[in-house]
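Visitor: Below is one structure. I have some questions about it.
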Amino acid sequence: MPTDINVGYVPLLASLNGQIIARHASPDLAGHWIPRIVSGEALFCIALTEPRGGSDAANLVLSARRDGNSYVLRGEKSSISMADQADAAVVFARTGTPESGARGVSAFLVPMDTPGVSTTRFNDLGSHAIGRGSIFFDDARIPVENRLAEEGLGFVQVMQGFDYSRALIGLQCCAAAQASLDESWAYVQERQAFGAPIAQYQGVTFPLAEGEGLIAATRQLCYHTLRLRDEGMPHTAEAAMCKWLGPKTAVEVIHQCLLTHGHYGWSLDLPHQQRLRDVMGLEIGDGTAQVMKLIVARERAGKVAVQYAARS
């Protein structure tokens, strides 16, 4: 069966959200959800992006108003992976003033069967198994106990988990590209042209050899990032590198593999076209390449890099 990176997205979301809940939820809340996540009984999505801006995540509009022992959520999240399949969501909402920026954002665990929560599904180019859509919160009421981390610090504290998922996304992309490379090497040894396997032509094999090197290097970057994380060392810049380099490299390599198969590669019967579409989506979702490079610049040059970017 052809490799499908959509399958890998399920444990990626489980790892990311499970880690967030384990670190920031109350013991009772964590005790209810984490066993269900680990066993595969519950699927989680993470609801951060909004219609007015994807990468400007600190300036959220969706509001969470405190009302006694509850919060009342009102607004919309957009471009949320698994929006219409998840059993619960980690939702970022504004509890402070708009001027408070990231310091006015809190995180909540919201069961998707909560009254006032509804979803739609987008008609996307790829990642059909996972899907993407909007989540609407029409005065959805959740208990105060479902808040993750302290009020106003959800964005600052919870977002640290994204360094982990960005390294995993890089590995996802490497896996998809490696599968296409493996299939292409087998194909060029079997395919005959001018009385011999096309593997004898450097014009055929050199692009695949280059792909092997690029994917191997990207994979090692992801492993290096995870090692830094395991050792408790800073790895935000490295994680951002994984996120922009992994999808970009995988798209280029899978594209070359598709071309290597000639007119067969253009067929929907082969998996290269699906992998190409799925990996292209990861060039956008979970942080664009431009934002990832801005993170690297900020980590290396400090806040001056962000200020310069804002002025330009």
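Within each chain, counting starts at residue 1; across the structure tokens, chains are named A, B, ... in the order shown, with ligands numbered 1 upward in that order.
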Need the shell around stretch 158-173 of chain A: protein/DNA/RNA residues with any atom at most 6 Å away, counting only C-alpha atoms. Skip same-chain ones fewer than 5 positions apart. Format as a PDB file with N, CA and C atoms, in the first residue's frame?
Guide:
```pdb
ATOM      1  N   CYS A 222      16.005  17.345  11.597  1.00  0.00           N
ATOM      2  CA  CYS A 222      14.855  17.055  12.460  1.00  0.00           C
ATOM      3  C   CYS A 222      15.284  16.237  13.675  1.00  0.00           C
ATOM      4  N   THR A 236      14.124  26.357  19.319  1.00  0.00           N
ATOM      5  CA  THR A 236      13.077  27.053  18.569  1.00  0.00           C
ATOM      6  C   THR A 236      13.515  27.355  17.140  1.00  0.00           C
ATOM      7  N   ALA A 239      13.667  24.110  15.120  1.00  0.00           N
ATOM      8  CA  ALA A 239      12.321  23.622  14.801  1.00  0.00           C
ATOM      9  C   ALA A 239      11.724  24.398  13.631  1.00  0.00           C
ATOM     10  N   CYS A 242      13.197  23.143  10.450  1.00  0.00           N
ATOM     11  CA  CYS A 242      12.555  21.886  10.046  1.00  0.00           C
ATOM     12  C   CYS A 242      11.246  22.157   9.319  1.00  0.00           C
ATOM     13  N   LYS A 243      10.493  23.137   9.816  1.00  0.00           N
ATOM     14  CA  LYS A 243       9.151  23.382   9.287  1.00  0.00           C
ATOM     15  C   LYS A 243       9.174  23.978   7.889  1.00  0.00           C
ATOM     16  N   GLY A 246      11.654  21.175   5.508  1.00  0.00           N
ATOM     17  CA  GLY A 246      11.077  19.856   5.258  1.00  0.00           C
ATOM     18  C   GLY A 246      10.075  19.845   4.120  1.00  0.00           C
ATOM     19  N   PRO A 247       9.006  20.644   4.193  1.00  0.00           N
ATOM     20  CA  PRO A 247       8.037  20.659   3.091  1.00  0.00           C
ATOM     21  C   PRO A 247       8.632  21.125   1.767  1.00  0.00           C
ATOM     22  N   ALA A 250      10.796  18.332   0.312  1.00  0.00           N
ATOM     23  CA  ALA A 250       9.970  17.195  -0.083  1.00  0.00           C
ATOM     24  C   ALA A 250       9.183  17.482  -1.356  1.00  0.00           C
TER      25      ALA A 250
END
```
Visitor: What residues in stretch 73-202 of chain A get the DSSP label alpha helix (DSSP H)? Please answer as a VMD selection string.
Guide: chain A and resid 154 to 158 162 to 190 202
Visitor: Any idea what the distance is between atom CA of A:Cys174 and atom CA of A:Ile215?
Guide: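 Separation of atom CA of A:Cys174 and atom CA of A:Ile215: 5.9 Å.
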Visitor: How many Å separate atom CA of A:Ala140 from atom CA of A:Gly154?
Guide: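 Atom-to-atom, atom CA of A:Ala140 and atom CA of A:Gly154 are spaced 18.7 Å apart.
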Visitor: Considering only C-alpha atoms, return as JSON, numbers by chain whatever protein or nucleic-acid residues lie within 12 Å of A:Ile80, sequence-local ones (same chain, fewer than 2 positions apart) excluded.
Guide: {"A": [13, 44, 45, 46, 47, 48, 49, 50, 51, 54, 76, 77, 78, 82, 83, 84, 85, 86, 89, 90, 91, 119, 120, 121, 122, 130, 131, 132, 133, 134, 135, 136, 285, 286]}
Visitor: So that I have them on file, write out the residues from the current selection with C-alpha atoms, as a short mmCIF file (atom, residue, chain, number, x, y, z; two decimals), in the first residue's frame.
Guide:
```cif
data_model
loop_
_atom_site.label_atom_id
_atom_site.label_comp_id
_atom_site.auth_asym_id
_atom_site.auth_seq_id
_atom_site.Cartn_x
_atom_site.Cartn_y
_atom_site.Cartn_z
CA LEU A 13 -1.84 15.81 16.70
CA PHE A 44 -7.95 16.29 18.98
CA CYS A 45 -7.48 19.30 16.76
CA ILE A 46 -5.77 22.55 17.65
CA ALA A 47 -7.76 25.71 16.92
CA LEU A 48 -5.51 28.74 16.53
CA THR A 49 -5.92 30.25 13.05
CA GLU A 50 -8.71 32.75 12.39
CA PRO A 51 -10.17 34.11 9.14
CA GLY A 54 -3.22 32.95 9.93
CA GLU A 76 -14.68 31.61 14.46
CA LYS A 77 -11.59 29.54 13.87
CA SER A 78 -10.61 28.80 10.28
CA MET A 82 -9.55 17.69 11.41
CA ALA A 83 -12.13 20.33 12.38
CA ASP A 84 -15.09 18.11 11.52
CA GLN A 85 -13.55 14.87 12.83
CA ALA A 86 -12.09 15.81 16.20
CA ALA A 89 -10.10 20.94 20.45
CA VAL A 90 -7.42 23.01 22.12
CA VAL A 91 -8.80 26.49 21.43
CA THR A 119 -18.07 23.03 11.95
CA THR A 120 -17.72 23.18 8.17
CA ARG A 121 -15.33 21.34 5.82
CA PHE A 122 -13.27 22.94 3.05
CA ILE A 130 -7.53 14.73 7.44
CA GLY A 131 -9.61 17.55 6.07
CA ARG A 132 -9.68 21.21 7.03
CA GLY A 133 -12.51 23.52 7.99
CA SER A 134 -13.92 26.24 10.21
CA ILE A 135 -15.16 25.95 13.78
CA PHE A 136 -17.88 28.33 14.95
CA GLY A 285 -0.27 25.04 7.43
CA ASP A 286 1.28 25.21 10.89
#
```
Visitor: Report, in Å with one decimal, the straight-line distance from atom CA of A:Asp67 to atom CA of A:Asp139.
Guide: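 About the pair atom CA of A:Asp67 and atom CA of A:Asp139: they are 11.2 Å apart.
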Visitor: Pick from A:Ala240, A:Ala216, A:Ser106, A:Val7: nearest to A:Gln157, with only C-alpha atoms counted?
Guide: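 For A:Gln157, the nearest of the candidates is A:Ser106.
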Visitor: Please provide the set of residues having any atom within 7 Å of A:Ile142, restricted to only C-alpha atoms, with same-chain residues fewer than 2 positions apart removed, written as a ChimeraX atom specification.
Guide: /A:70-72,110,140,144,146
